[in-house]
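Trainee: The following file, input32.tsv, comprises TSV, C-alpha atoms and all ligand atoms:
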```tsv
chain	number	residue	atom	x	y	z
U	10	MET	CA	-5.02	-22.16	-13.88
U	11	GLU	CA	-4.57	-20.53	-17.23
U	12	ASN	CA	-2.51	-21.90	-20.08
U	13	GLN	CA	0.22	-20.02	-21.95
U	14	SER	CA	-2.19	-18.63	-24.54
U	15	ASN	CA	-4.20	-17.07	-21.73
U	16	LEU	CA	-1.01	-15.55	-20.35
U	17	ASN	CA	-0.43	-13.98	-23.74
U	18	SER	CA	-3.79	-12.28	-23.41
U	19	ILE	CA	-2.77	-10.40	-20.25
U	20	PRO	CA	-2.73	-6.65	-20.93
U	21	VAL	CA	0.76	-5.17	-20.67
U	22	GLU	CA	2.23	-1.69	-20.54
U	23	LYS	CA	5.77	-1.36	-21.79
U	24	ASN	CA	8.06	1.28	-20.26
U	25	PHE	CA	5.81	1.36	-17.21
U	26	ASP	CA	6.25	4.67	-15.42
U	27	PHE	CA	6.20	4.50	-11.60
U	28	SER	CA	5.66	8.23	-11.35
U	29	ARG	CA	2.21	7.76	-12.93
U	30	HIS	CA	1.27	4.75	-10.82
U	31	THR	CA	2.29	5.75	-7.30
U	32	THR	CA	0.77	8.39	-5.03
U	33	TYR	CA	4.25	9.88	-4.61
U	34	GLY	CA	4.24	10.68	-8.31
U	35	ALA	CA	8.00	10.13	-8.45
U	36	GLY	CA	10.37	7.52	-9.80
U	37	GLY	CA	11.52	6.07	-13.07
U	38	LYS	CA	10.39	3.37	-15.44
U	39	CYS	CA	10.62	-0.36	-15.78
U	40	LYS	CA	10.57	-2.74	-18.72
U	41	VAL	CA	6.98	-3.88	-18.52
U	42	ALA	CA	3.92	-4.11	-16.26
U	43	TYR	CA	1.34	-6.88	-16.54
U	44	PHE	CA	-2.32	-6.36	-15.67
U	45	PRO	CA	-3.86	-9.82	-15.16
U	46	LYS	CA	-7.64	-9.90	-15.41
U	47	THR	CA	-8.28	-13.09	-13.45
U	48	GLU	CA	-6.83	-14.64	-10.30
U	49	GLY	CA	-5.76	-17.63	-12.41
U	50	GLN	CA	-3.81	-15.36	-14.77
U	51	ALA	CA	-2.20	-13.55	-11.84
U	52	ALA	CA	-1.10	-16.81	-10.22
U	53	GLU	CA	0.20	-18.27	-13.47
U	54	LEU	CA	2.09	-15.07	-14.25
U	55	PHE	CA	3.57	-15.03	-10.76
U	56	LYS	CA	4.74	-18.62	-11.27
U	57	GLU	CA	6.17	-17.83	-14.69
U	58	LEU	CA	8.13	-14.77	-13.51
U	59	SER	CA	9.39	-16.60	-10.39
U	60	GLY	CA	10.55	-19.46	-12.60
U	61	GLN	CA	12.48	-17.10	-14.89
U	62	LYS	CA	14.27	-15.75	-11.80
U	63	GLU	CA	13.36	-12.35	-13.18
U	64	LYS	CA	13.08	-9.47	-10.72
U	65	PHE	CA	9.45	-8.45	-10.36
U	66	PHE	CA	7.24	-6.52	-7.99
U	67	VAL	CA	3.55	-6.86	-7.06
U	68	LEU	CA	1.99	-3.41	-7.15
U	69	GLY	CA	-1.33	-2.42	-5.64
U	70	ARG	CA	-2.29	1.24	-5.83
U	71	GLY	CA	1.27	2.43	-5.17
U	72	SER	CA	0.26	4.40	-2.08
U	73	ASN	CA	3.11	3.13	0.04
U	74	ILE	CA	5.86	3.02	-2.55
U	75	LEU	CA	8.94	5.07	-3.36
U	76	ALA	CA	10.40	3.89	-6.67
U	77	SER	CA	13.90	5.08	-7.55
U	78	ASP	CA	14.55	7.42	-10.46
U	79	ALA	CA	16.77	4.84	-12.14
U	80	TYR	CA	15.41	2.32	-14.60
U	81	TYR	CA	14.13	-0.74	-12.68
U	82	ASN	CA	15.44	-3.78	-14.45
U	83	GLY	CA	12.46	-5.96	-13.73
U	84	SER	CA	8.73	-6.08	-14.22
U	85	VAL	CA	5.56	-5.27	-12.34
U	86	ILE	CA	2.42	-7.32	-11.72
U	87	SER	CA	-0.33	-4.76	-11.19
U	88	THR	CA	-3.49	-5.99	-9.46
U	89	GLN	CA	-5.60	-3.14	-10.76
U	90	ASN	CA	-7.77	-5.36	-13.00
U	91	LEU	CA	-8.56	-7.77	-10.16
U	92	ASN	CA	-11.57	-5.84	-9.02
U	93	GLY	CA	-14.31	-8.40	-8.38
U	94	ILE	CA	-16.36	-8.03	-5.23
U	95	LYS	CA	-19.29	-10.01	-3.83
U	96	THR	CA	-21.05	-10.90	-0.57
U	97	VAL	CA	-21.46	-14.31	0.96
U	98	LYS	CA	-23.65	-14.27	4.09
U	99	ASP	CA	-22.14	-11.64	6.42
U	100	ALA	CA	-18.86	-11.40	4.57
U	101	ILE	CA	-17.43	-9.58	1.56
U	102	ILE	CA	-15.04	-11.35	-0.77
U	103	CYS	CA	-12.81	-8.87	-2.61
U	104	GLN	CA	-10.20	-9.44	-5.22
U	105	SER	CA	-6.92	-7.80	-4.32
U	106	GLY	CA	-7.11	-4.90	-6.78
U	107	VAL	CA	-10.38	-3.54	-5.34
U	108	THR	CA	-9.75	-0.02	-4.08
U	109	VAL	CA	-11.01	1.40	-0.80
U	110	SER	CA	-13.36	3.71	-2.66
U	111	GLN	CA	-14.81	0.81	-4.73
U	112	LEU	CA	-15.16	-1.28	-1.57
U	113	LEU	CA	-16.90	1.44	0.43
U	114	LYS	CA	-19.21	2.31	-2.44
U	115	PHE	CA	-20.24	-1.35	-2.52
U	116	CYS	CA	-20.75	-1.32	1.27
U	117	GLN	CA	-22.85	1.81	1.07
U	118	ILE	CA	-25.09	0.51	-1.73
U	119	ASN	CA	-25.57	-2.84	0.04
U	120	GLY	CA	-25.80	-1.53	3.62
U	121	LEU	CA	-22.73	-3.35	4.94
U	122	SER	CA	-20.86	-1.88	7.88
U	123	GLY	CA	-17.46	-2.55	9.45
U	124	LEU	CA	-14.96	-1.26	6.91
U	125	GLU	CA	-15.73	2.48	7.06
U	126	PHE	CA	-12.52	3.18	9.01
U	127	LEU	CA	-10.63	2.67	5.73
U	128	ALA	CA	-12.29	5.73	4.15
U	129	GLY	CA	-9.77	8.03	2.51
U	130	ILE	CA	-6.88	5.54	2.26
U	131	PRO	CA	-5.91	5.49	-1.44
U	132	ALA	CA	-5.05	1.79	-1.44
U	133	SER	CA	-6.03	-1.62	-2.77
U	134	VAL	CA	-7.30	-4.57	-0.74
U	135	GLY	CA	-4.07	-6.53	-1.41
U	136	GLY	CA	-1.86	-3.70	-0.13
U	137	LEU	CA	-4.10	-3.10	2.88
U	138	THR	CA	-4.03	-6.79	3.78
U	139	LEU	CA	-0.26	-7.18	3.37
U	140	MET	CA	0.48	-4.04	5.42
U	141	ASN	CA	-2.28	-4.61	8.01
U	142	ALA	CA	-3.39	-1.05	7.32
U	143	GLY	CA	-5.31	0.80	9.97
U	144	ALA	CA	-6.91	4.07	10.93
U	145	GLY	CA	-8.76	5.48	13.93
U	146	GLY	CA	-7.59	2.60	16.14
U	147	LYS	CA	-8.94	-0.13	13.83
U	148	TYR	CA	-6.89	-2.45	11.65
U	149	ILE	CA	-7.44	-4.86	8.78
U	150	SER	CA	-6.65	-7.64	11.25
U	151	ASP	CA	-9.86	-6.70	13.15
U	152	VAL	CA	-12.07	-7.36	10.12
U	153	LEU	CA	-10.27	-9.91	7.96
U	154	ILE	CA	-11.62	-13.45	8.03
U	155	GLY	CA	-8.95	-14.76	5.67
U	156	CYS	CA	-7.19	-14.33	2.36
U	157	THR	CA	-6.12	-16.39	-0.62
U	158	VAL	CA	-2.50	-16.09	-1.71
U	159	PHE	CA	-0.31	-17.69	-4.35
U	160	ASP	CA	3.33	-18.38	-3.60
U	161	GLY	CA	3.85	-21.19	-6.09
U	162	LYS	CA	0.87	-22.92	-4.53
U	163	LEU	CA	-2.61	-21.61	-3.88
U	164	ARG	CA	-3.12	-21.15	-0.12
U	165	ASN	CA	-6.02	-20.02	2.03
U	166	PHE	CA	-4.89	-18.22	5.16
U	167	LEU	CA	-7.31	-17.70	8.01
U	168	ASN	CA	-6.81	-14.52	10.06
U	169	LYS	CA	-4.75	-16.24	12.72
U	170	SER	CA	-2.34	-17.71	10.14
U	171	CYS	CA	-1.58	-14.18	8.91
U	172	ASP	CA	0.25	-13.48	12.20
U	173	PHE	CA	-0.84	-9.84	12.04
U	174	GLY	CA	1.11	-7.19	13.94
U	175	TYR	CA	1.77	-3.48	13.63
U	176	LYS	CA	2.23	-2.85	9.88
U	177	TYR	CA	2.93	-6.55	9.59
U	178	SER	CA	1.48	-9.75	8.21
U	179	THR	CA	3.22	-13.02	7.50
U	180	MET	CA	2.60	-12.32	3.78
U	181	ARG	CA	5.35	-9.67	4.00
U	182	ASP	CA	7.88	-12.42	4.66
U	183	ILE	CA	6.89	-14.82	1.92
U	184	ASN	CA	7.22	-14.12	-1.76
U	185	CYS	CA	3.55	-14.17	-2.70
U	186	ILE	CA	0.69	-12.41	-4.40
U	187	ILE	CA	-2.50	-11.89	-2.43
U	188	LEU	CA	-5.37	-12.73	-4.77
U	189	SER	CA	-8.38	-11.97	-2.58
U	190	SER	CA	-9.43	-11.16	0.98
U	191	VAL	CA	-12.59	-11.90	2.94
U	192	PHE	CA	-13.92	-9.34	5.42
U	193	LYS	CA	-16.65	-9.69	8.00
U	194	VAL	CA	-19.39	-7.06	7.86
U	195	GLU	CA	-22.70	-6.33	9.53
U	196	ARG	CA	-25.92	-5.68	7.68
U	197	THR	CA	-27.33	-2.22	8.27
U	198	SER	CA	-28.67	0.70	6.26
U	199	GLY	CA	-26.76	2.46	3.49
U	200	GLN	CA	-27.38	5.75	5.29
U	201	TYR	CA	-25.63	4.45	8.42
U	202	VAL	CA	-22.59	3.42	6.36
U	203	GLU	CA	-22.56	6.76	4.55
U	204	ASN	CA	-22.64	8.68	7.85
U	205	ASN	CA	-19.75	6.64	9.22
U	206	ILE	CA	-17.71	7.20	6.07
U	207	SER	CA	-18.28	10.96	6.33
U	208	LYS	CA	-17.15	10.87	9.96
U	209	TYR	CA	-13.90	9.11	9.07
U	210	LEU	CA	-13.28	11.39	6.09
U	211	LYS	CA	-13.79	14.43	8.33
U	212	ASN	CA	-11.14	13.11	10.74
U	213	ARG	CA	-8.73	13.01	7.80
U	214	SER	CA	-9.45	16.49	6.57
U	215	LEU	CA	-6.51	17.94	8.49
U	216	GLN	CA	-4.04	15.55	6.89
U	217	PRO	CA	-1.38	17.15	4.69
U	218	LYS	CA	-2.31	17.88	1.11
U	219	GLY	CA	0.04	17.05	-1.76
U	220	LYS	CA	1.70	13.96	-3.13
U	221	SER	CA	2.89	11.56	-0.44
U	222	CYS	CA	2.85	7.97	0.78
U	223	GLY	CA	1.01	8.89	3.98
U	224	CYS	CA	3.21	8.25	7.02
U	225	VAL	CA	6.79	7.53	5.97
U	226	PHE	CA	7.94	5.98	9.26
U	227	LYS	CA	6.49	3.40	11.61
U	228	ASN	CA	5.91	4.58	15.15
U	229	PRO	CA	8.65	3.18	17.41
U	230	GLU	CA	7.13	1.37	20.39
U	231	GLY	CA	5.89	3.96	22.89
U	232	TYR	CA	6.61	6.93	20.61
U	233	SER	CA	5.04	8.85	17.77
U	234	ALA	CA	7.44	9.14	14.83
U	235	GLY	CA	5.78	12.44	13.85
U	236	LYS	CA	6.33	13.94	17.32
U	237	LEU	CA	10.01	12.88	17.40
U	238	ILE	CA	10.57	14.50	13.99
U	239	GLU	CA	8.71	17.64	15.06
U	240	GLU	CA	10.78	17.90	18.26
U	241	CYS	CA	13.91	17.90	16.11
U	242	GLY	CA	12.59	21.07	14.45
U	243	LEU	CA	12.35	19.35	11.08
U	244	LYS	CA	8.86	20.48	10.03
U	245	GLY	CA	9.33	22.33	6.76
U	246	TYR	CA	12.85	20.90	6.20
U	247	ARG	CA	13.34	20.82	2.46
U	248	LEU	CA	15.80	19.30	0.04
U	249	GLY	CA	15.23	19.76	-3.68
U	250	GLY	CA	11.50	19.32	-4.12
U	251	ALA	CA	10.95	17.13	-1.05
U	252	GLU	CA	9.68	18.65	2.17
U	253	VAL	CA	8.80	17.45	5.67
U	254	SER	CA	5.17	18.50	5.94
U	255	ARG	CA	4.44	21.47	8.19
U	256	ALA	CA	1.02	19.95	8.96
U	257	HIS	CA	2.23	16.46	9.98
U	258	ALA	CA	5.95	15.75	10.38
U	259	ASN	CA	5.64	12.06	9.45
U	260	PHE	CA	4.57	13.06	5.93
U	261	ILE	CA	7.21	13.99	3.34
U	262	ILE	CA	5.60	15.83	0.47
U	263	ASN	CA	6.66	15.70	-3.16
U	264	ASN	CA	6.66	19.18	-4.58
U	265	ARG	CA	8.40	18.49	-7.90
U	266	ALA	CA	10.94	16.25	-6.21
U	267	THR	CA	12.96	13.44	-7.64
U	268	ALA	CA	12.63	10.13	-5.84
U	269	GLN	CA	16.24	10.64	-4.72
U	270	ASP	CA	15.28	14.00	-3.11
U	271	ILE	CA	12.56	12.21	-1.12
U	272	TYR	CA	14.97	9.43	-0.17
U	273	ASN	CA	17.56	11.98	0.94
U	274	VAL	CA	15.05	13.72	3.21
U	275	ILE	CA	14.04	10.35	4.69
U	276	GLN	CA	17.69	9.50	5.47
U	277	TYR	CA	18.36	12.97	6.86
U	278	VAL	CA	15.34	12.77	9.18
U	279	LYS	CA	16.48	9.35	10.40
U	280	SER	CA	19.98	10.62	11.20
U	281	ILE	CA	18.78	13.73	13.04
U	282	VAL	CA	16.21	11.80	15.11
U	283	PHE	CA	18.85	9.19	15.95
U	284	ASN	CA	21.39	11.82	17.00
U	285	LYS	CA	18.88	13.59	19.25
U	286	PHE	CA	16.96	10.67	20.77
U	287	GLY	CA	19.05	7.56	20.04
U	288	ILE	CA	16.00	6.10	18.27
U	289	MET	CA	16.38	4.69	14.76
U	290	LEU	CA	13.18	5.24	12.80
U	291	ASN	CA	12.17	2.46	10.44
U	292	GLU	CA	10.43	3.13	7.18
U	293	GLU	CA	6.84	2.11	6.57
U	294	VAL	CA	7.28	3.15	2.92
U	295	VAL	CA	8.47	0.36	0.62
U	296	TYR	CA	11.38	1.08	-1.73
U	297	ILE	CA	11.66	-0.17	-5.29
U	298	GLY	CA	15.05	-0.07	-7.01
U	299	GLU	CA	18.38	1.41	-5.97
U	300	PHE	CA	18.97	4.75	-4.25
U	301	ASN	CA	22.23	6.61	-3.84
U	302	ASP	CA	23.30	6.83	-0.19
U	303	THR	CA	26.26	9.08	-0.87
U	304	ASP	CA	23.91	11.97	-1.76
U	305	CYS	CA	22.43	12.02	1.74
U	401	LIG	C1	-2.70	10.01	1.55
U	401	LIG	C2	-2.37	8.67	2.15
U	401	LIG	C3	-2.97	8.29	3.34
U	401	LIG	C4	-2.67	7.06	3.92
U	401	LIG	N1	-3.29	6.70	5.08
U	401	LIG	C5	-3.05	5.51	5.64
U	401	LIG	C6	-3.71	5.10	6.84
U	401	LIG	O1	-4.54	5.81	7.39
U	401	LIG	N2	-3.41	3.88	7.36
U	401	LIG	C7	-2.50	3.04	6.77
U	401	LIG	O2	-2.27	1.93	7.29
U	401	LIG	N3	-1.85	3.40	5.63
U	401	LIG	C8	-2.10	4.60	5.06
U	401	LIG	N4	-1.45	4.96	3.89
U	401	LIG	C9	-0.42	4.07	3.32
U	401	LIG	C10	-0.93	3.06	2.26
U	401	LIG	O3	-2.16	3.47	1.73
U	401	LIG	C11	-1.04	1.66	2.86
U	401	LIG	O4	0.22	1.18	3.25
U	401	LIG	C12	-1.68	0.63	1.90
U	401	LIG	O5	-1.82	-0.56	2.63
U	401	LIG	C13	-0.89	0.39	0.62
U	401	LIG	O6	-1.75	-0.26	-0.30
U	401	LIG	P1	-1.48	-0.23	-1.89
U	401	LIG	O7	-2.52	-1.01	-2.56
U	401	LIG	O8	-1.30	1.17	-2.35
U	401	LIG	O9	-0.11	-1.02	-1.93
U	401	LIG	P2	1.25	-0.60	-2.70
U	401	LIG	O10	1.70	0.72	-2.17
U	401	LIG	O11	1.10	-0.76	-4.14
U	401	LIG	O12	2.22	-1.73	-2.13
U	401	LIG	C14	2.58	-1.76	-0.75
U	401	LIG	C15	3.20	-3.14	-0.47
U	401	LIG	O13	2.18	-4.12	-0.62
U	401	LIG	C16	2.58	-5.08	-1.60
U	401	LIG	N5	1.36	-5.50	-2.29
U	401	LIG	C17	0.36	-4.74	-2.80
U	401	LIG	N6	-0.61	-5.50	-3.29
U	401	LIG	C18	-0.23	-6.78	-3.10
U	401	LIG	C19	-0.80	-8.04	-3.41
U	401	LIG	N7	-1.99	-8.16	-4.03
U	401	LIG	N8	-0.11	-9.16	-3.09
U	401	LIG	C20	1.10	-9.09	-2.48
U	401	LIG	N9	1.69	-7.93	-2.16
U	401	LIG	C21	1.03	-6.79	-2.47
U	401	LIG	C22	3.59	-4.38	-2.48
U	401	LIG	O14	4.46	-5.32	-3.10
U	401	LIG	C23	4.31	-3.52	-1.45
U	401	LIG	O15	5.26	-4.30	-0.74
U	401	LIG	C24	-1.74	6.19	3.29
U	401	LIG	C25	-1.14	6.59	2.08
U	401	LIG	C26	-1.45	7.80	1.51
U	401	LIG	C27	-0.82	8.19	0.21
```
In structure tokens, what does this structure look like?
Mentor:
Amino acid sequence: MENQSNLNSIPVEKNFDFSRHTTYGAGGKCKVAYFPKTEGQAAELFKELSGQKEKFFVLGRGSNILASDAYYNGSVISTQNLNGIKTVKDAIICQSGVTVSQLLKFCQINGLSGLEFLAGIPASVGGLTLMNAGAGGKYISDVLIGCTVFDGKLRNFLNKSCDFGYKYSTMRDINCIILSSVFKVERTSGQYVENNISKYLKNRSLQPKGKSCGCVFKNPEGYSAGKLIEECGLKGYRLGGAEVSRAHANFIINNRATAQDIYNVIQYVKSIVFNKFGIMLNEEVVYIGEFNDTDC
């Protein structure tokens, strides 16, 4: 653990702007963001902010976030400087700020296969682990051996302790920061990994272009959220600068929208789908700050 003087050496950004640090490219500012450079700093900072009872938020790559336009009266711990990565036997140990592109580049150079399904997700290892991200029928839970988290104490969770489910891990229910994750991989050739990555990227090429958080809603059991939205005739529905994608109805695209515009479209879609099918969609996207429900 670091001492206070080490905490003072953590890089900070005052007036941190969510619109520059989320894939939605929307939202307001907050007082300060911290960018710890070591796991010890991150844990100590987490402890310090928890102790001050100050509102704070752990931010990965902001690819599943909608931050409100209003000033967020709290701070952010960004994991972006936690980008160490190494192999131990047939496993990769990644710090939580490692991005998918950094991870797959490492896999390609070292001929390590198993994680190619993540190609194209603009996320960090911490966010992927917390959300049990998946693509092409594979999930983080299929490849994660364990992770190290700090919730006031340092804990090592093996896969089965993470209680993974659809878009769920137990880490979502405890106030914690994921510091690192360990993934199992198989040794192969770099060319094999590269070919697999290209295959997964090709599958994504039809995904909507533009600023988004990927899929806004979770799929209700037995249904596709995108199909339900499409069957309500909502493709292309637009409010301010926010639009239900014409290519994939579970994407809401920011075309010079405010965060409130995006929020309003989300609430509108939920109400229309509920009125037609009696199914309440639940958001996959994570909100930061307060939104105005009376605008919807
Ligand atoms: C174009 C696009 C395509 C996408 N495709 C997919 C897809 O195919 N499959 C899929 O599952 N998702 C997809 N997503 C959604 C998103 O990438 C995932 O939800 C991802 O897991 C979020 O990771 P992040 O690092 O961006 O986390 P953030 O968006 O920064 O945060 C998401 C949540 O994780 C928490 N968090 C982040 N890091 C940590 C940490 N170290 N410790 C504790 N909590 C943490 C945050 O507090 C927040 O609650 C897509 C998004 C976009 C924009």
Trainee: Go through U:Glu125, U:Asp270, U:Asp78, U:Glu240 and flag the residue nearest Leu113 in chain U, using all atoms listed in the file for the distances.
Mentor: U:Glu125
Trainee: What does the list of residues within 7 Å of ligand LIG 401 (chain U) look like if you count all atoms listed in the file, written as number ranges by chain?
Mentor: U: 32, 66-74, 88, 105-106, 129-144, 185-188, 221-224, 295
Trainee: Calculate how many Å separate CA of Ile102 in chain U from CA of Val191 in chain U, rounding to one decimal.
Mentor: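 We find that CA of Ile102 in chain U and CA of Val191 in chain U lie 4.5 Å from each other.
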Trainee: If we count all atoms listed in the file, what is near range 253-269 of chain U at a cut-off of 9 Å, once residues fewer than 5 positions away on the same chain are taken out, given as a PyMOL selection string?
Mentor: chain U and resi 33-37+75-78+215-227+233-239+243-248+274-275+278+300-301+304
Trainee: Kindly save the residues from that selection, with C-alpha atoms included, as a PDB file, in the frame of the given file.
Mentor:
```pdb
ATOM      1  CA  TYR U  33       4.250   9.880  -4.610  1.00  0.00           C
ATOM      2  CA  GLY U  34       4.240  10.680  -8.310  1.00  0.00           C
ATOM      3  CA  ALA U  35       8.000  10.130  -8.450  1.00  0.00           C
ATOM      4  CA  GLY U  36      10.370   7.520  -9.800  1.00  0.00           C
ATOM      5  CA  GLY U  37      11.520   6.070 -13.070  1.00  0.00           C
ATOM      6  CA  LEU U  75       8.940   5.070  -3.360  1.00  0.00           C
ATOM      7  CA  ALA U  76      10.400   3.890  -6.670  1.00  0.00           C
ATOM      8  CA  SER U  77      13.900   5.080  -7.550  1.00  0.00           C
ATOM      9  CA  ASP U  78      14.550   7.420 -10.460  1.00  0.00           C
ATOM     10  CA  LEU U 215      -6.510  17.940   8.490  1.00  0.00           C
ATOM     11  CA  GLN U 216      -4.040  15.550   6.890  1.00  0.00           C
ATOM     12  CA  PRO U 217      -1.380  17.150   4.690  1.00  0.00           C
ATOM     13  CA  LYS U 218      -2.310  17.880   1.110  1.00  0.00           C
ATOM     14  CA  GLY U 219       0.040  17.050  -1.760  1.00  0.00           C
ATOM     15  CA  LYS U 220       1.700  13.960  -3.130  1.00  0.00           C
ATOM     16  CA  SER U 221       2.890  11.560  -0.440  1.00  0.00           C
ATOM     17  CA  CYS U 222       2.850   7.970   0.780  1.00  0.00           C
ATOM     18  CA  GLY U 223       1.010   8.890   3.980  1.00  0.00           C
ATOM     19  CA  CYS U 224       3.210   8.250   7.020  1.00  0.00           C
ATOM     20  CA  VAL U 225       6.790   7.530   5.970  1.00  0.00           C
ATOM     21  CA  PHE U 226       7.940   5.980   9.260  1.00  0.00           C
ATOM     22  CA  LYS U 227       6.490   3.400  11.610  1.00  0.00           C
ATOM     23  CA  SER U 233       5.040   8.850  17.770  1.00  0.00           C
ATOM     24  CA  ALA U 234       7.440   9.140  14.830  1.00  0.00           C
ATOM     25  CA  GLY U 235       5.780  12.440  13.850  1.00  0.00           C
ATOM     26  CA  LYS U 236       6.330  13.940  17.320  1.00  0.00           C
ATOM     27  CA  LEU U 237      10.010  12.880  17.400  1.00  0.00           C
ATOM     28  CA  ILE U 238      10.570  14.500  13.990  1.00  0.00           C
ATOM     29  CA  GLU U 239       8.710  17.640  15.060  1.00  0.00           C
ATOM     30  CA  LEU U 243      12.350  19.350  11.080  1.00  0.00           C
ATOM     31  CA  LYS U 244       8.860  20.480  10.030  1.00  0.00           C
ATOM     32  CA  GLY U 245       9.330  22.330   6.760  1.00  0.00           C
ATOM     33  CA  TYR U 246      12.850  20.900   6.200  1.00  0.00           C
ATOM     34  CA  ARG U 247      13.340  20.820   2.460  1.00  0.00           C
ATOM     35  CA  LEU U 248      15.800  19.300   0.040  1.00  0.00           C
ATOM     36  CA  VAL U 274      15.050  13.720   3.210  1.00  0.00           C
ATOM     37  CA  ILE U 275      14.040  10.350   4.690  1.00  0.00           C
ATOM     38  CA  VAL U 278      15.340  12.770   9.180  1.00  0.00           C
ATOM     39  CA  PHE U 300      18.970   4.750  -4.250  1.00  0.00           C
ATOM     40  CA  ASN U 301      22.230   6.610  -3.840  1.00  0.00           C
ATOM     41  CA  ASP U 304      23.910  11.970  -1.760  1.00  0.00           C
TER      42      ASP U 304
END
```
Trainee: Could you please determine the separation between CA of Gly145 in chain U and CA of Arg213 in chain U in Å, to one decimal place?
Mentor: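 Distance reported for this atom pair: 9.7 Å.
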Trainee: What does the structure give for the distance between CA of Val202 in chain U and CA of Lys95 in chain U, in Å to one decimal?
Mentor: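 CA of Lys95 in chain U lies at a distance of 17.2 Å from CA of Val202 in chain U.
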Trainee: For a quick check of understanding, using all atoms listed in the file, which of U:Met180, U:Tyr277, U:Arg164, U:Asn212 has the smallest distance to Thr303 in chain U?
Mentor: U:Tyr277
Trainee: At most 12 Å from (-1.6, -11.2, 13.9), file frame, all atoms listed in the file: which residues, as a ChimeraX atom specification?
Mentor: /U:138-141,148-155,166-180
Trainee: Once you count all atoms listed in the file, which residues end up no further than 7 Å from (16.1, 1.7, -13.4) in the file's frame, shown as JSON, numbers by chain?
Mentor: {"U": [37, 38, 39, 78, 79, 80, 81, 82, 298]}
Trainee: So which one's closest to Val109 in chain U, U:Asn184, U:Thr157, U:Asn228, U:Asn92? Using all atoms listed in the file, please.
Mentor: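 Of the candidates, the smallest distance to Val109 in chain U is held by U:Asn92.
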Trainee: From the set U:Thr197, U:Asn291, U:Ser214, U:Asn205, which residue has the shortest atom-to-atom contact distance to Pro229 in chain U, counting all atoms listed in the file?
Mentor: U:Asn291
Trainee: Given all atoms listed in the file as the basis, pick out the residue of U:Tyr272, U:Ser110, U:Gln89, U:Lys211 nearest to Ile297 in chain U.
Mentor: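 Checking each candidate against Ile297 in chain U, we get U:Tyr272 as the closest.
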Trainee: Using only C-alpha atoms, pick whichever of U:Gly49, U:Gly287, U:Gly123, U:Pro20 has the shortest atom-to-atom distance to Glu195 in chain U.
Mentor: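 With only C-alpha atoms as the atom set, the closest residue is U:Gly123.
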Trainee: Counting all atoms listed in the file, what is within 7 Å of range 52-65 of chain U, bar same-chain residues fewer than 3 positions away, as a ChimeraX atom specification?
Mentor: /U:10-11,16,48-49,83-85,159,161
